[in-house]
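Novice: A single structure is presented below for examination.
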There are 6 protein chains.
Amino acid sequence: MELQKVKSWIDGFDEVLGGGIPKGSVVIVTGLPGTMKSSLAWAFLLNSAREAGAKALYVSLEQTRPSLENQMAAMGFDMNVARPSIHILDVGSIQKELGRSATKPWMEFLRRTIETKKKIDGIDLVVVDSLEALDVLARFEDRRTDLFHFFEWLRGLGATTFVLTEAPPEPSIPILDPSTQSRDDAGYLADGIVHLKLHPISDVEMQRRLRVVKMRGANHKTGFYALMFESGRFSVTPAMSA
Amino acid sequence: MELQKVKSWIDGFDEVLGGGIPKGSVVIVTGLPGTMKSSLAWAFLLNSAREAGAKALYVSLEQTRPSLENQMAAMGFDMNVARPSIHILDVGSIQKELGRSATKPWMEFLRRTIETKKKIDGIDLVVVDSLEALDVLARFEDRRTDLFHFFEWLRGLGATTFVLTEAPPEPSIPILDPSTQSRDDAGYLADGIVHLKLHPISDVEMQRRLRVVKMRGANHKTGFYALMFESGRFSVTPAMSA
Amino acid sequence: MELQKVKSWIDGFDEVLGGGIPKGSVVIVTGLPGTMKSSLAWAFLLNSAREAGAKALYVSLEQTRPSLENQMAAMGFDMNVARPSIHILDVGSIQKELGRSATKPWMEFLRRTIETKKKIDGIDLVVVDSLEALDVLARFEDRRTDLFHFFEWLRGLGATTFVLTEAPPEPSIPILDPSTQSRDDAGYLADGIVHLKLHPISDVEMQRRLRVVKMRGANHKTGFYALMFESGRFSVTPAMSA
Amino acid sequence: MELQKVKSWIDGFDEVLGGGIPKGSVVIVTGLPGTMKSSLAWAFLLNSAREAGAKALYVSLEQTRPSLENQMAAMGFDMNVARPSIHILDVGSIQKELGRSATKPWMEFLRRTIETKKKIDGIDLVVVDSLEALDVLARFEDRRTDLFHFFEWLRGLGATTFVLTEAPPEPSIPILDPSTQSRDDAGYLADGIVHLKLHPISDVEMQRRLRVVKMRGANHKTGFYALMFESGRFSVTPAMSA
Amino acid sequence: MELQKVKSWIDGFDEVLGGGIPKGSVVIVTGLPGTMKSSLAWAFLLNSAREAGAKALYVSLEQTRPSLENQMAAMGFDMNVARPSIHILDVGSIQKELGRSATKPWMEFLRRTIETKKKIDGIDLVVVDSLEALDVLARFEDRRTDLFHFFEWLRGLGATTFVLTEAPPEPSIPILDPSTQSRDDAGYLADGIVHLKLHPISDVEMQRRLRVVKMRGANHKTGFYALMFESGRFSVTPAMSA
Amino acid sequence: MELQKVKSWIDGFDEVLGGGIPKGSVVIVTGLPGTMKSSLAWAFLLNSAREAGAKALYVSLEQTRPSLENQMAAMGFDMNVARPSIHILDVGSIQKELGRSATKPWMEFLRRTIETKKKIDGIDLVVVDSLEALDVLARFEDRRTDLFHFFEWLRGLGATTFVLTEAPPEPSIPILDPSTQSRDDAGYLADGIVHLKLHPISDVEMQRRLRVVKMRGANHKTGFYALMFESGRFSVTPAMSA
């Protein structure tokens with residue numbers, strides 16, 4: 001039996017994923033600042049729109065819609081394909097909306113917006129950029145439990161979701177107290193984890209790398225791959241050991 | 001004298017375990033995300049069902065039953081054997097049940113469900129997937145003590161139990177204050193600890209490895225072994241030192 | 001499409017930046033004490049004044065205006081160009097102003113001053129030196145949220161902003177609890193991060209180095225470069241691996 | 001002058017101890033899970049019973065008496081020697097006893113039981129397995145002070161005591177605040193510390209090792225020794241440096 | 001333009017400082033116990049007294065005046081030069097003074113004493129030995145803010161100040177929460193940082209080393225230098241890489 | 001000028017100390033469990049008694065007087081010299097004394113006892129064994145301040161004092177918050193620090209080593225030396241680099 005897979009149409013990436021991402025998965029995309037998390041997620045959405053007519057929602061909590069569009073255009077992505085297919089919900093519009101009805105809590109509003117968008121246009125892919133901004137804005141009372149239920153809800157939605165975060169995929173120093181492990185929730189609750197990093201080739205050069213840390217229901221590759229980017233196109237190739 | 005052992009029927013694993021797992025043990029299966037903890041536990045259950053007619057309960061706290069079944073089917077496990085022998089109790093059903101009787105505490109409900117299942121079908125093997133999700137859902141007041149008693153209770157049940165967790169088998173930085181060592185409880189309270197990891201062979205390749213850290217009453221091997229997986233079958237072989 | 005870029009006119013730096021800094025970005029300049037953060041920001045402002053007639057505001061929270069001017073003059077920067085173009089707002093003047101009207105909160109005062117300066121002279125570049133001093137002076141009630149909104153506001157201002165900080169660009173030990181990640185906000189909220197460091201060439205020699213960690217909307221270089229300084233002039237050159 | 005020494009009758013161990021353990025010492029046996037702390041302590045008791053007619057009390061706080069006996073039998077220890085000489089006090093019996101008189105505090109009960117056992121049978125050796133379980137059960141109000149006085153009391157008892165713990169013999173990262181050093185109390189309060197570990201010989205093989213870290217009043221060896229175990233017999237031999 | 005520089009008259013040190021310390025700077029002298037912070041500061045004061053007739057105040061918060069004088073005499077410093085030029089204010093005298101007027105807060109008293117000394121004798125150089133003792137004695141309510149303002153005040157005094165501390169010049173593990181970064185205030189608030197250390201040349205030998213980490217307004221050297229001391233005379237020479 | 005020095009009469013140690021310990025110093029002797037802190041301090045006292053007729057007080061807070069005497073006799077020290085010259089004040093006697101007058105605080109009692117001993121017999125040397133036990137027993141309200149004043153008081157006493165502690169001489173991870181640096185107080189407040197360690201020569205052998213980290217008013221050696229012990233005699237020799 002084979003789960004239905006969502007492809008990236010990024011050269012080499014689908015092979016690493018073991019054929020694509022099982023439909024309906026919640027996938028963490030993690031990496032330090034500057035590792036191109038937003039651009040990779042954008043490329044996934046854009047390719048799915050072009051190749052498979054997918055409808056997407058990009059929840060942009062760190063930038064306004066014009067700023068995100070300018071950034072993606074400057075990176076060489078084709079905005080003529082993006083505009084009709086990728087709906088951008090930015091933090092400004094959310095706050096404007098919430099201002100009119102201050103009683104609706106933030107997460108509740110986000111869920112309703114996603115549900116509405118789903119009813120009207122359909123929704124195949126969702127990006128939440130970023131988990132850190134969501135932390136600030138949603139003001140969770142009980143972060144672990146709230147995220148647990150939000151991820152359950154996303155999973156039930158049927159859409160494939162990318163949650164972008166700077167939190168590392170694996171704690172390098174285990175902090176044993178559960179009360180301090182909340183950020184890690186994202187990791188163990190997710191169906192998949194894709195890790196982006198800049199690997200030092202020497203003490204002056206860095207190479208972009210990608211690893212599929214986890215992907216439930218997929219026989220994915222386990223190692224690190226080189227991630228290349230040129231004029232709006234990513235590609236994933238075997239990395240030479242340095 | 002020889003304790004009664006539960007075999008894994010996984011190639012090479014029973015030799016590493018020193019013949020199998022002493023019946024009635026509580027065994028921690030620990031590993032970072034993506035180390036195939038769920039799949040290895042599933043394989044153990046499935047093999048025991050096929051080879052020894054064992055009855056199992058899989059307490060799935062991170063995924064729904066259909067999601068877990070789809071994942072395991074996609075990995076190539078034979079669902080015709082699994083369905084009649086492995087009972088899946090998922091977080092959704094538990095919450096539905098608890099909703100009808102909000103006064104019953106979570107852990108109490110879990111114990112009763114396991115006891116009922118034991119009376120009706122018998123129960124030889126239990127999986128709790130995962131300790132992290134249990135933490136969120138059970139909302140322990142005193143985690144160390146509650147887990148201590150839950151493990152005592154599991155031990156008294158007679159069934160062999162696997163508790164899956166991302167917590168490391170050994171703290172790499174000792175945190176000396178007991179109030180911050182709660183996660184470690186799982187380790188010292190357990191009868192056995194099996195550690196799964198992805199070992200970096202170079203800066204780009206990773207090898208799946210397994211180590212039996214502890215197994216009370218068994219003369220187990222102490223080193224790391226390679227863990228292979230292909231089309232629904234695990235095997236454990238000596239690892240070459242890299 | 002190409003975003004409008006603000007150039008540094010520092011030898012070699014604009015190539016590393018991928019042509020300059022996208023106009024309106026909030027850029028973190030990070031480095032330990034003694035890495036010449038203030039001097040590099042000053043050079044950027046001075047060059048922009050000389051080459052493009054840019055108007056700048058330097059918010060000096062660690063030193064008085066005379067002290068900063070003496071320091072920059074001693075480093076060999078041309079104060080005849082700096083004085084008419086770089087307006088220095090120092091902590092003393094702010095406190096004098098706030099003393100007359102103790103009800104205005106600190107951040108509010110800073111925003112108004114920047115807005116007033118913008119209306120009167122125009123404002124193309126802003127430096128906040130430093131985030132650590134801002135922390136002490138502004139006495140944030142909710143630092144993460146307040147910085148989030150301050151950065152949003154800076155972004156909306158149209159001016160390109162440099163925020164100087166000693167906080168590292170990437171946590172070397174991930175602290176997973178969000179309540180302890182506040183300093184990192186600066187990182188994920190910023191559009192760009194420039195990292196300055198002293199790299200040990202041996203156990204006695206240090207080389208000044210610069211890395212563009214992140215720059216939204218720019219195809220910047222990812223490695224480390226040598227940063228040279230002589231008589232008021234910086235230059236950026238490829239670093240030899242040591 | 002020579003202190004009276006308690007011998008282990010384990011091949012090679014008494015030489016490493018500098019002749020044995022000074023009678024009446026409180027000795028910490030420390031090691032991560034799976035390092036055979038319980039088995040080594042058991043061997044010490046069993047040998048002392050066989051060779052010197054010693055009477056022992058094993059306070060088993062992690063396992064029931066049958067479970068501990070099964071484990072030790074499965075390891076190949078001679079239970080015919082053990083049963084009349086090693087009295088096992090398990091957590092179940094303690095809790096049953098305490099249930100009848102809920103007013104007696106836990107530690108008080110433990111002390112009385114040990115004293116009673118001493119009066120009736122005599123008592124030469126005591127094992128507390130483990131300090132971690134004692135932490136959970138005794139619910140210390142002031143752990144440092146309570147342990148300080150418990151160790152003083154054990155010392156006054158005349159019996160030689162082994163306290164098993166997973167806490168490391170030496171903090172690898174010093175935590176300077178005394179309020180976080182409580183676990184370390186065990187170390188500095190003890191008269192002796194024996195450290196068991198699994199030493200990685202390569203990235204796949206592990207060797208059991210033993211080090212006498214501290215032994216008041218004994219001119220013990222200071223290095224690491226190999227610890228071998230076969231069919232119920234330990235031996236200690238020089239370890240080859242790997 | 002050249003800032004007025006205060007020279008150390010220590011062989012080789014002024015070249016490393018880029019000509020001396022800009023007059024009026026607050027300079028942190030940091031190093032672990034035993035790195036000769038007090039002696040180096042004392043040598044600076046003594047040389048300035050002899051060569052330039054400078055007047056100095058040494059605030060000795062860890063030792064009494066006789067103890068400090070005995071120590072410096074034993075190190076071979078010429079007390080005939082020191083006595084008329086270096087005024088020692090020790091913790092005993094401060095406490096005696098404060099005892100008579102318990103209402104004056106500690107920091108306020110320290111400021112007034114320094115101001116009075118300035119009016120009567122003039123004051124060119126101040127040493128605060130040490131920041132750690134100041135922490136204990138001053139009982140700051142808000143340490144970050146109080147130190148911020150104390151350093152501002154010192155800067156306004158016109159005297160060049162040395163603040164001795166064991167706190168490291170750069171955190172090796174970044175602690176991101178600003179509430180835990182208070183000790184670091186000293187670093188970012190200071191105009192200069194001089195780091196003293198004992199560098200292990202092998203696993204048995206240590207070499208004294210000095211690095212000017214930061215010096216505002218000076219084109220100082222950036223590497224490590226050997227620090228030699230013999231019969232009351234320091235010298236600074238290039239360190240051979242080990 | 002030369003400070004009056006207290007000699008150790010231990011082969012090689014006085015040369016490393018730069019002639020001995022300046023009379024009246026408070027010296028921290030620091031080392032992990034098993035590094036022979038107590039024995040080295042005892043040897044210092046015993047040699048001073050034999051060679052210079054010194055009177056000493058050994059405050060034994062971890063062991064009773066008989067236990068300490070037995071331990072030292074077993075190590076080969078000459079108890080005929082020790083008994084009349086080294087007065088042992090043990091925790092039992094202190095508690096008996098305090099029991100009769102529960103209002104006297106602990107530290108106050110310790111000071112009075114030391115003062116009384118000084119008046120009656122004279123007192124040249126004091127050992128406090130250990131700082132950790134003192135922490136537990138004295139129940140400091142404000143540890144930093146209380147220790148600060150206790151050390152000041154010891155310094156004023158005229159006797160040379162050794163304070164034994166397991167706290168490391170230098171934090172390997174700087175903890176920046178002053179509220180967590182209390183243990184370190186011992187370090188910066190002391191006039192001298194002597195560090196004992198077991199240095200791994202290979203992964204199986206350990207060598208005893210000693211380093212004088214700090215000694216105010218003495219031109220001490222800075223490196224590590226081998227510490228040998230045989231039949232009640234220590235010696236200090238150059239260590240070969242391993």
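Identifiers in this document derive from the order of the structure tokens: chains are assigned A, B, ..., residues are numbered from 1 separately in each chain, and ligands are numbered from 1 in order of occurrence.
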Could you pull out the alpha helix (DSSP H) residues of range 1-137 of chain D, going by DSSP on the backbone, and write them as a PyMOL selection string?
Specialist: chain D and resi 13-16+37-52+65-74+79-85+91-100+106-121+131-137
Novice: Could you give me, as number ranges by chain, the residues within 9 Å of Leu45 in chain A, counting only C-alpha atoms and dropping anything in the same chain fewer than 3 positions from it?
Specialist: A: 8, 40-42, 48-50, 54-58, 82, 85-86, 125-127
Novice: To one decimal place in Å, what is the distance between CA of Pro22 in chain D and CA of Ile10 in chain D?
Specialist: 16.0 Å
Novice: Pick the closest to chain F from D:Ala218, D:Ala52, D:Val81, D:Val204: which is it, counting only C-alpha atoms?
Specialist: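 Result for the nearest residue to chain F: D:Ala218.
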Novice: Enumerate, as a PyMOL selection string, the complete set of residues in range 23-77 of chain E that a backbone-based DSSP assignment places in strand (DSSP E).
Specialist: chain E and resi 26-30+56-60
Novice: Would you list the contacts of range 156-170 of chain E as a VMD selection string, taking every protein, DNA or RNA residue within 7 Å and counting only C-alpha atoms, but skipping same-chain residues closer than 6 positions in sequence?
Specialist: (chain C and resid 32) or (chain E and resid 23 to 33 37 123 to 132 183 187 195)
Novice: Please compute the CA of Val212 in chain C-CA of Pro238 in chain C distance, one decimal, in Å.
Specialist: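 Separation of CA of Val212 in chain C and CA of Pro238 in chain C: 13.0 Å.
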Novice: Residues near range 223-226 of chain F, anyone? I mean within 8 Å using only C-alpha atoms, not counting same-chain ones fewer than 4 positions away, as a ChimeraX atom specification.
Specialist: /E:203-206 /F:207-212,236-239
Novice: Residues within 10 Å of Ser39 in chain D, please, as a ChimeraX atom specification. Count only C-alpha atoms; anything in the same chain fewer than 4 positions from it doesn't count.
Specialist: /B:216-217 /D:35,43-45,68,71-72,75,77,229,232-234
Novice: Skipping near chain neighbours, those fewer than 2 positions away, what residues fall within 7 Å of range 62-65 of chain F using only C-alpha atoms, listed as a PyMOL selection string?
Specialist: (chain D and resi 189) or (chain F and resi 60+67-69+88+90-92+129+133)
Novice: Okay, now the selection with C-alpha atoms, as a PDB file, in the first residue's frame?
Specialist:
ATOM      1  CA  LEU D 189      29.208  12.926  52.161  1.00  0.00           C
TER       2      LEU D 189
ATOM      3  CA  SER F  60      35.653  18.237  60.798  1.00  0.00           C
ATOM      4  CA  SER F  67      36.568   8.421  62.213  1.00  0.00           C
ATOM      5  CA  LEU F  68      38.976  11.152  61.080  1.00  0.00           C
ATOM      6  CA  GLU F  69      41.681   9.930  63.442  1.00  0.00           C
ATOM      7  CA  ILE F  88      39.647  18.266  66.241  1.00  0.00           C
ATOM      8  CA  ASP F  90      33.716  17.582  64.961  1.00  0.00           C
ATOM      9  CA  VAL F  91      30.155  18.111  63.872  1.00  0.00           C
ATOM     10  CA  GLY F  92      28.883  15.897  66.675  1.00  0.00           C
ATOM     11  CA  ASP F 129      36.496  20.433  56.171  1.00  0.00           C
ATOM     12  CA  ALA F 133      29.156  20.579  54.860  1.00  0.00           C
TER      13      ALA F 133
END
Novice: Work out how far apart CA of Val136 in chain A and CA of Phe148 in chain A are and give it in Å to one decimal.
Specialist: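 Going from CA of Val136 in chain A over to CA of Phe148 in chain A, I get 17.1 Å.
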